[in-house]
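Have a look at the structure below, then the notes.
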Amino acid sequence: MIQISNKGKVILAGAGPGDPDLISLKALKYLKIADVVLTDRLVSPVLVDEYARKDAEVIYVGKQCSKGIHTPQKDINELMLEFALMGKLVLRLKGGDVSLFSNVLDELNVLVENGIAYEIVPGVSAAFGAAAYTGIPLTAREHSRGVRFLTLYDLKNVTENQWKDWASTEDTLVFYMSGQRLNTLTEQLLNNGIEKQKGIAIVQQATTPDQKTTVFKFEELETKQLPEFEYVPTLLIIGNVVNLHQKFAWFTEKTTTESYFDNHKIPFQNAI
């Protein structure tokens, strides 16, 4: 049973990758009782609309860089502190999981430095959601014994040895926040000798009604056109496991890449 003290507290919780049913029971319980909800844009709006307290203060923060929407981390930190010091229960709701490719370290440092009580509630990361909803197991006997979670956000710091390692490994590679780097990624892996029978899955808006999956083998990349990525959350899965998609895919996808989140009018506002 969740117990709340009289002092302010911050809950750092993952909401899952898009499908509102993928939130954990614990995160949902906190959503129902929180005084303040600081929620990322890519959290399903259904969760906040249906389960947040009607009198809760809901503030949309977070980032969507492709649209130039950006709430500075400093502002988010100040909001957490402001409300917690007022004795409120603050839910910092993040898309996916709390600890994977998020700014949780900045937020934890601020909370510890200011003596604010907190909890961390894990969530289903985009990699697990995308893998499940595309029928691509991230590891599987005779296909892959390991998986790596990566990003090309800071492309200039990827070394030549790193490219060679990624091209030669039998691990499954999952790239976050890298859709717009797809051409560079595939070119580098081909130049460094990746097995051309390996597959690459481009999963857009994973687990939402507008999920779209495009699958290639590396040998096909010379003849097939890569998809566009503007405004669309995208995850890349690379490895032999991708070749299992056609056999095990179960989720019915639409043919459009129109943004699920753009179709839900969210009052995205500056944090301060």
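Ordering of the structure tokens sets the chain letters (A, B, ...), residue numbers begin anew at 1 in every chain, and ligands are numbered from 1 in the order given.
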
Do you know which residues are at most 7 Å from segment 37-40 of chain A counting only C-alpha atoms, after dropping those on the same chain fewer than 4 positions away, and could you put them as number ranges by chain?
A: 57-62, 90-95

Close residues, Leu12 of chain A itself excluded, 12 Å, only C-alpha atoms, min 5 positions apart in chain, as a PDB file with C-alpha atoms, in the first residue's frame:
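And here is the file that came out, result36.pdb:
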```pdb
ATOM      1  CA  LYS A  26       2.272   1.636  -8.978  1.00  0.00           C
ATOM      2  CA  ALA A  27       2.764   4.558 -11.364  1.00  0.00           C
ATOM      3  CA  TYR A  30       0.533   7.763  -7.916  1.00  0.00           C
ATOM      4  CA  LEU A  31      -1.042   9.421 -10.945  1.00  0.00           C
ATOM      5  CA  ALA A  34      -0.630  13.302  -7.090  1.00  0.00           C
ATOM      6  CA  VAL A  37       1.843  16.106 -12.499  1.00  0.00           C
ATOM      7  CA  LEU A  38       4.878  17.161 -14.534  1.00  0.00           C
ATOM      8  CA  THR A  39       4.469  15.085 -17.666  1.00  0.00           C
ATOM      9  CA  ASP A  40       6.516  14.609 -20.822  1.00  0.00           C
ATOM     10  CA  ASN A  77      14.097  20.987 -11.681  1.00  0.00           C
ATOM     11  CA  MET A  80       9.850  19.901  -8.806  1.00  0.00           C
ATOM     12  CA  LEU A  89       3.079  15.145  -3.867  1.00  0.00           C
ATOM     13  CA  VAL A  90       4.705  15.687  -7.255  1.00  0.00           C
ATOM     14  CA  LEU A  91       4.610  13.071  -9.990  1.00  0.00           C
ATOM     15  CA  ARG A  92       7.352  13.526 -12.592  1.00  0.00           C
ATOM     16  CA  LEU A  93       5.928  11.327 -15.345  1.00  0.00           C
ATOM     17  CA  LYS A  94       8.335  10.305 -18.101  1.00  0.00           C
ATOM     18  CA  GLY A  95       7.754   8.428 -21.330  1.00  0.00           C
ATOM     19  CA  GLY A  96       9.186   4.904 -21.368  1.00  0.00           C
ATOM     20  CA  ASP A  97      11.406   4.073 -18.428  1.00  0.00           C
ATOM     21  CA  VAL A  98      12.801   6.547 -15.909  1.00  0.00           C
ATOM     22  CA  SER A  99      16.446   5.515 -16.092  1.00  0.00           C
ATOM     23  CA  SER A 102      16.398  10.428 -19.659  1.00  0.00           C
ATOM     24  CA  ASN A 103      17.627  13.299 -17.505  1.00  0.00           C
ATOM     25  CA  VAL A 104      16.929  11.438 -14.301  1.00  0.00           C
ATOM     26  CA  LEU A 105      20.458  12.048 -12.984  1.00  0.00           C
ATOM     27  CA  ASP A 106      19.962  15.824 -13.059  1.00  0.00           C
ATOM     28  CA  GLU A 107      16.659  15.469 -11.251  1.00  0.00           C
ATOM     29  CA  LEU A 108      18.032  13.077  -8.639  1.00  0.00           C
ATOM     30  CA  LEU A 111      16.303  16.320  -5.053  1.00  0.00           C
ATOM     31  CA  ALA A 117      12.083  12.688  -0.493  1.00  0.00           C
ATOM     32  CA  TYR A 118      11.592  10.720  -3.696  1.00  0.00           C
ATOM     33  CA  GLU A 119      10.820   7.337  -5.215  1.00  0.00           C
ATOM     34  CA  ILE A 120      11.771   5.849  -8.588  1.00  0.00           C
ATOM     35  CA  VAL A 121       9.109   3.793 -10.349  1.00  0.00           C
ATOM     36  CA  PRO A 122      10.321   1.909 -13.458  1.00  0.00           C
ATOM     37  CA  GLY A 123       8.385   1.791 -16.710  1.00  0.00           C
TER      38      GLY A 123
END
```

Could you tell me, as a PyMOL selection string, which residues of segment 89-211 of chain A DSSP assigns to strand (DSSP E or B) when given the backbone? chain A and resi 89-94+96+117-121+140+144+147-151+172-176+199-204

- request: Go through A:Ala127, A:Thr172, A:Asn161, A:Thr134 one by one, measure the shortest atom-to-atom distance of each to Val147 of chain A using only C-alpha atoms, and give the residue with the smallest value.
  value: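 Smallest separation from Val147 of chain A among the options: A:Thr172.
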
List the spatial neighbours of Phe83 of chain A as a list in words - criterion: any atom at most 10 Å away, only C-alpha atoms, same-chain residues fewer than 5 positions off excluded.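 After dropping sequence-adjacent residues, the list is Gly8, Lys9, Val10, Asp35, Val36, Glu78, Lys88, Leu89 and Val90 of chain A.
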
Would you mind exporting all heavy atoms of the selected residues as a PDB file, in the first residue's frame?
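Okay, this is what ended up in result.pdb:
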```pdb
ATOM      1  N   GLY A   8       6.546  17.129   1.477  1.00  0.00           N
ATOM      2  CA  GLY A   8       6.506  17.015   0.034  1.00  0.00           C
ATOM      3  C   GLY A   8       7.372  15.869  -0.463  1.00  0.00           C
ATOM      4  O   GLY A   8       8.347  15.482   0.195  1.00  0.00           O
ATOM      5  N   LYS A   9       7.008  15.358  -1.610  1.00  0.00           N
ATOM      6  CA  LYS A   9       7.718  14.205  -2.155  1.00  0.00           C
ATOM      7  C   LYS A   9       7.598  14.225  -3.660  1.00  0.00           C
ATOM      8  O   LYS A   9       6.597  14.694  -4.223  1.00  0.00           O
ATOM      9  CB  LYS A   9       7.116  12.917  -1.585  1.00  0.00           C
ATOM     10  CG  LYS A   9       7.872  11.643  -1.926  1.00  0.00           C
ATOM     11  CD  LYS A   9       7.276  10.469  -1.159  1.00  0.00           C
ATOM     12  CE  LYS A   9       8.097   9.201  -1.374  1.00  0.00           C
ATOM     13  NZ  LYS A   9       7.553   8.066  -0.602  1.00  0.00           N
ATOM     14  N   VAL A  10       8.635  13.727  -4.328  1.00  0.00           N
ATOM     15  CA  VAL A  10       8.631  13.640  -5.791  1.00  0.00           C
ATOM     16  C   VAL A  10       8.704  12.176  -6.196  1.00  0.00           C
ATOM     17  O   VAL A  10       9.561  11.423  -5.704  1.00  0.00           O
ATOM     18  CB  VAL A  10       9.799  14.424  -6.411  1.00  0.00           C
ATOM     19  CG1 VAL A  10       9.860  14.202  -7.921  1.00  0.00           C
ATOM     20  CG2 VAL A  10       9.664  15.920  -6.102  1.00  0.00           C
ATOM     21  N   ASP A  35      -0.706  15.617  -6.351  1.00  0.00           N
ATOM     22  CA  ASP A  35      -1.178  16.999  -6.357  1.00  0.00           C
ATOM     23  C   ASP A  35      -0.752  17.710  -7.638  1.00  0.00           C
ATOM     24  O   ASP A  35      -1.475  18.560  -8.158  1.00  0.00           O
ATOM     25  CB  ASP A  35      -0.606  17.764  -5.161  1.00  0.00           C
ATOM     26  CG  ASP A  35      -0.995  17.150  -3.837  1.00  0.00           C
ATOM     27  OD1 ASP A  35      -2.212  16.964  -3.609  1.00  0.00           O
ATOM     28  OD2 ASP A  35      -0.095  16.839  -3.033  1.00  0.00           O
ATOM     29  N   VAL A  36       0.448  17.369  -8.110  1.00  0.00           N
ATOM     30  CA  VAL A  36       1.029  18.008  -9.289  1.00  0.00           C
ATOM     31  C   VAL A  36       1.577  16.917 -10.201  1.00  0.00           C
ATOM     32  O   VAL A  36       2.237  15.981  -9.734  1.00  0.00           O
ATOM     33  CB  VAL A  36       2.169  18.975  -8.903  1.00  0.00           C
ATOM     34  CG1 VAL A  36       2.771  19.629 -10.145  1.00  0.00           C
ATOM     35  CG2 VAL A  36       1.672  20.027  -7.921  1.00  0.00           C
ATOM     36  N   GLU A  78      13.348  23.236 -11.158  1.00  0.00           N
ATOM     37  CA  GLU A  78      12.780  24.279 -10.307  1.00  0.00           C
ATOM     38  C   GLU A  78      11.316  24.005  -9.987  1.00  0.00           C
ATOM     39  O   GLU A  78      10.856  24.264  -8.861  1.00  0.00           O
ATOM     40  CB  GLU A  78      12.937  25.640 -10.983  1.00  0.00           C
ATOM     41  CG  GLU A  78      14.378  26.123 -11.024  1.00  0.00           C
ATOM     42  CD  GLU A  78      14.533  27.441 -11.769  1.00  0.00           C
ATOM     43  OE1 GLU A  78      13.521  27.939 -12.319  1.00  0.00           O
ATOM     44  OE2 GLU A  78      15.661  27.962 -11.812  1.00  0.00           O
ATOM     45  N   LYS A  88       3.683  19.325  -1.393  1.00  0.00           N
ATOM     46  CA  LYS A  88       2.825  18.605  -2.340  1.00  0.00           C
ATOM     47  C   LYS A  88       3.476  17.297  -2.805  1.00  0.00           C
ATOM     48  O   LYS A  88       4.706  17.148  -2.786  1.00  0.00           O
ATOM     49  CB  LYS A  88       2.525  19.489  -3.554  1.00  0.00           C
ATOM     50  CG  LYS A  88       1.691  20.724  -3.215  1.00  0.00           C
ATOM     51  CD  LYS A  88       1.376  21.533  -4.448  1.00  0.00           C
ATOM     52  CE  LYS A  88       0.548  22.774  -4.093  1.00  0.00           C
ATOM     53  NZ  LYS A  88      -0.797  22.405  -3.595  1.00  0.00           N
ATOM     54  N   LEU A  89       2.620  16.377  -3.231  1.00  0.00           N
ATOM     55  CA  LEU A  89       3.079  15.145  -3.867  1.00  0.00           C
ATOM     56  C   LEU A  89       3.201  15.425  -5.361  1.00  0.00           C
ATOM     57  O   LEU A  89       2.207  15.712  -6.032  1.00  0.00           O
ATOM     58  CB  LEU A  89       2.095  14.001  -3.623  1.00  0.00           C
ATOM     59  CG  LEU A  89       2.448  12.679  -4.317  1.00  0.00           C
ATOM     60  CD1 LEU A  89       3.760  12.116  -3.803  1.00  0.00           C
ATOM     61  CD2 LEU A  89       1.320  11.654  -4.149  1.00  0.00           C
ATOM     62  N   VAL A  90       4.416  15.350  -5.867  1.00  0.00           N
ATOM     63  CA  VAL A  90       4.705  15.687  -7.255  1.00  0.00           C
ATOM     64  C   VAL A  90       5.023  14.404  -8.021  1.00  0.00           C
ATOM     65  O   VAL A  90       5.906  13.641  -7.624  1.00  0.00           O
ATOM     66  CB  VAL A  90       5.902  16.657  -7.363  1.00  0.00           C
ATOM     67  CG1 VAL A  90       6.178  17.009  -8.820  1.00  0.00           C
ATOM     68  CG2 VAL A  90       5.644  17.908  -6.539  1.00  0.00           C
TER      69      VAL A  90
END
```

Computed gap from atom CA of Ala132 of chain A to atom CA of Lys196 of chain A is 24.2 Å

Name all residues at most 9 Å from Gln246 of chain A (count only C-alpha atoms; drop same-chain ones fewer than 3 positions away) and give them as a PyMOL selection string. chain A and resi 134-136+215+242-243+249

May I have the selected residues written with N, CA, C and O atoms, as a PDB file, in the first residue's frame?
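As written to disk, selection12.pdb reads:
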```pdb
ATOM      1  N   THR A 134       6.246  -5.506 -32.374  1.00  0.00           N
ATOM      2  CA  THR A 134       6.666  -5.879 -33.730  1.00  0.00           C
ATOM      3  C   THR A 134       6.985  -7.361 -33.837  1.00  0.00           C
ATOM      4  O   THR A 134       7.321  -7.844 -34.923  1.00  0.00           O
ATOM      5  N   GLY A 135       6.883  -8.095 -32.736  1.00  0.00           N
ATOM      6  CA  GLY A 135       7.207  -9.522 -32.776  1.00  0.00           C
ATOM      7  C   GLY A 135       8.682  -9.789 -32.981  1.00  0.00           C
ATOM      8  O   GLY A 135       9.049 -10.823 -33.545  1.00  0.00           O
ATOM      9  N   ILE A 136       9.534  -8.877 -32.520  1.00  0.00           N
ATOM     10  CA  ILE A 136      10.979  -9.040 -32.653  1.00  0.00           C
ATOM     11  C   ILE A 136      11.566  -9.263 -31.255  1.00  0.00           C
ATOM     12  O   ILE A 136      11.722  -8.312 -30.483  1.00  0.00           O
ATOM     13  N   VAL A 215      10.948  -2.752 -42.363  1.00  0.00           N
ATOM     14  CA  VAL A 215      12.037  -3.699 -42.146  1.00  0.00           C
ATOM     15  C   VAL A 215      12.834  -3.883 -43.441  1.00  0.00           C
ATOM     16  O   VAL A 215      12.253  -4.045 -44.517  1.00  0.00           O
ATOM     17  N   VAL A 242      15.822  -9.249 -36.180  1.00  0.00           N
ATOM     18  CA  VAL A 242      14.862  -8.482 -36.989  1.00  0.00           C
ATOM     19  C   VAL A 242      14.232  -9.371 -38.058  1.00  0.00           C
ATOM     20  O   VAL A 242      13.064  -9.167 -38.438  1.00  0.00           O
ATOM     21  N   ASN A 243      14.955 -10.374 -38.494  1.00  0.00           N
ATOM     22  CA  ASN A 243      14.425 -11.270 -39.523  1.00  0.00           C
ATOM     23  C   ASN A 243      13.279 -12.142 -39.019  1.00  0.00           C
ATOM     24  O   ASN A 243      12.629 -12.832 -39.811  1.00  0.00           O
ATOM     25  N   ALA A 249       5.064 -11.084 -36.208  1.00  0.00           N
ATOM     26  CA  ALA A 249       4.322  -9.819 -36.055  1.00  0.00           C
ATOM     27  C   ALA A 249       2.845 -10.106 -35.803  1.00  0.00           C
ATOM     28  O   ALA A 249       2.235 -10.921 -36.495  1.00  0.00           O
TER      29      ALA A 249
END
```

In Å and to one decimal, atom CA of Leu155 of chain A is distant from atom CA of Ile238 of chain A by 17.5 Å

**Prompt:** Can you tell me how far atom CA of Gly14 of chain A sits from atom CA of His70 of chain A, in Å to one decimal?
**Reply:**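 Result for atom CA of Gly14 of chain A versus atom CA of His70 of chain A: 19.4 Å, one decimal.
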
**Study point:** DSSP alpha helix (DSSP H) residues within segment 99-231 of chain A, listed as a VMD selection string
**Key:** chain A and resid 104 to 113 126 to 134 160 to 168 182 to 191

Find the residues around Glu253 of chain A up to 12 Å (only C-alpha atoms counted), leave out those fewer than 5 positions away in its own chain, and share them as a compact mmCIF listing (two decimals) with N, CA and C atoms, in the first residue's frame.
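Ended up saving to result.txt:
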```txt
# COMPACT_ATOMS: atom_id res chain seq x y z
N TYR A 133 5.68 -5.24 -29.73
CA TYR A 133 4.60 -4.93 -30.67
C TYR A 133 5.00 -5.15 -32.13
N THR A 134 6.25 -5.51 -32.37
CA THR A 134 6.67 -5.88 -33.73
C THR A 134 6.99 -7.36 -33.84
N VAL A 203 10.99 1.44 -36.33
CA VAL A 203 9.69 1.38 -35.65
C VAL A 203 9.30 2.79 -35.26
N GLN A 204 8.23 3.28 -35.84
CA GLN A 204 7.77 4.64 -35.59
C GLN A 204 6.52 4.62 -34.71
N GLN A 205 6.51 5.47 -33.71
CA GLN A 205 5.37 5.60 -32.78
C GLN A 205 4.97 4.24 -32.18
N ALA A 206 5.95 3.55 -31.65
CA ALA A 206 5.76 2.19 -31.14
C ALA A 206 4.66 2.11 -30.10
N THR A 207 3.84 1.10 -30.20
CA THR A 207 2.74 0.71 -29.31
C THR A 207 1.54 1.63 -29.38
N THR A 208 1.57 2.66 -30.23
CA THR A 208 0.41 3.53 -30.38
C THR A 208 -0.44 3.03 -31.54
N PRO A 209 -1.66 3.56 -31.70
CA PRO A 209 -2.49 3.16 -32.84
C PRO A 209 -1.86 3.47 -34.19
N ASP A 210 -0.88 4.38 -34.23
CA ASP A 210 -0.24 4.77 -35.48
C ASP A 210 1.14 4.15 -35.65
N GLN A 211 1.39 3.07 -34.94
CA GLN A 211 2.68 2.40 -35.11
C GLN A 211 2.89 1.99 -36.56
N LYS A 212 4.10 2.21 -37.05
CA LYS A 212 4.48 1.76 -38.39
C LYS A 212 5.87 1.17 -38.34
N THR A 213 6.01 -0.04 -38.87
CA THR A 213 7.30 -0.74 -38.88
C THR A 213 7.75 -0.96 -40.30
N THR A 214 8.98 -0.55 -40.57
CA THR A 214 9.60 -0.78 -41.88
C THR A 214 10.84 -1.63 -41.66
```
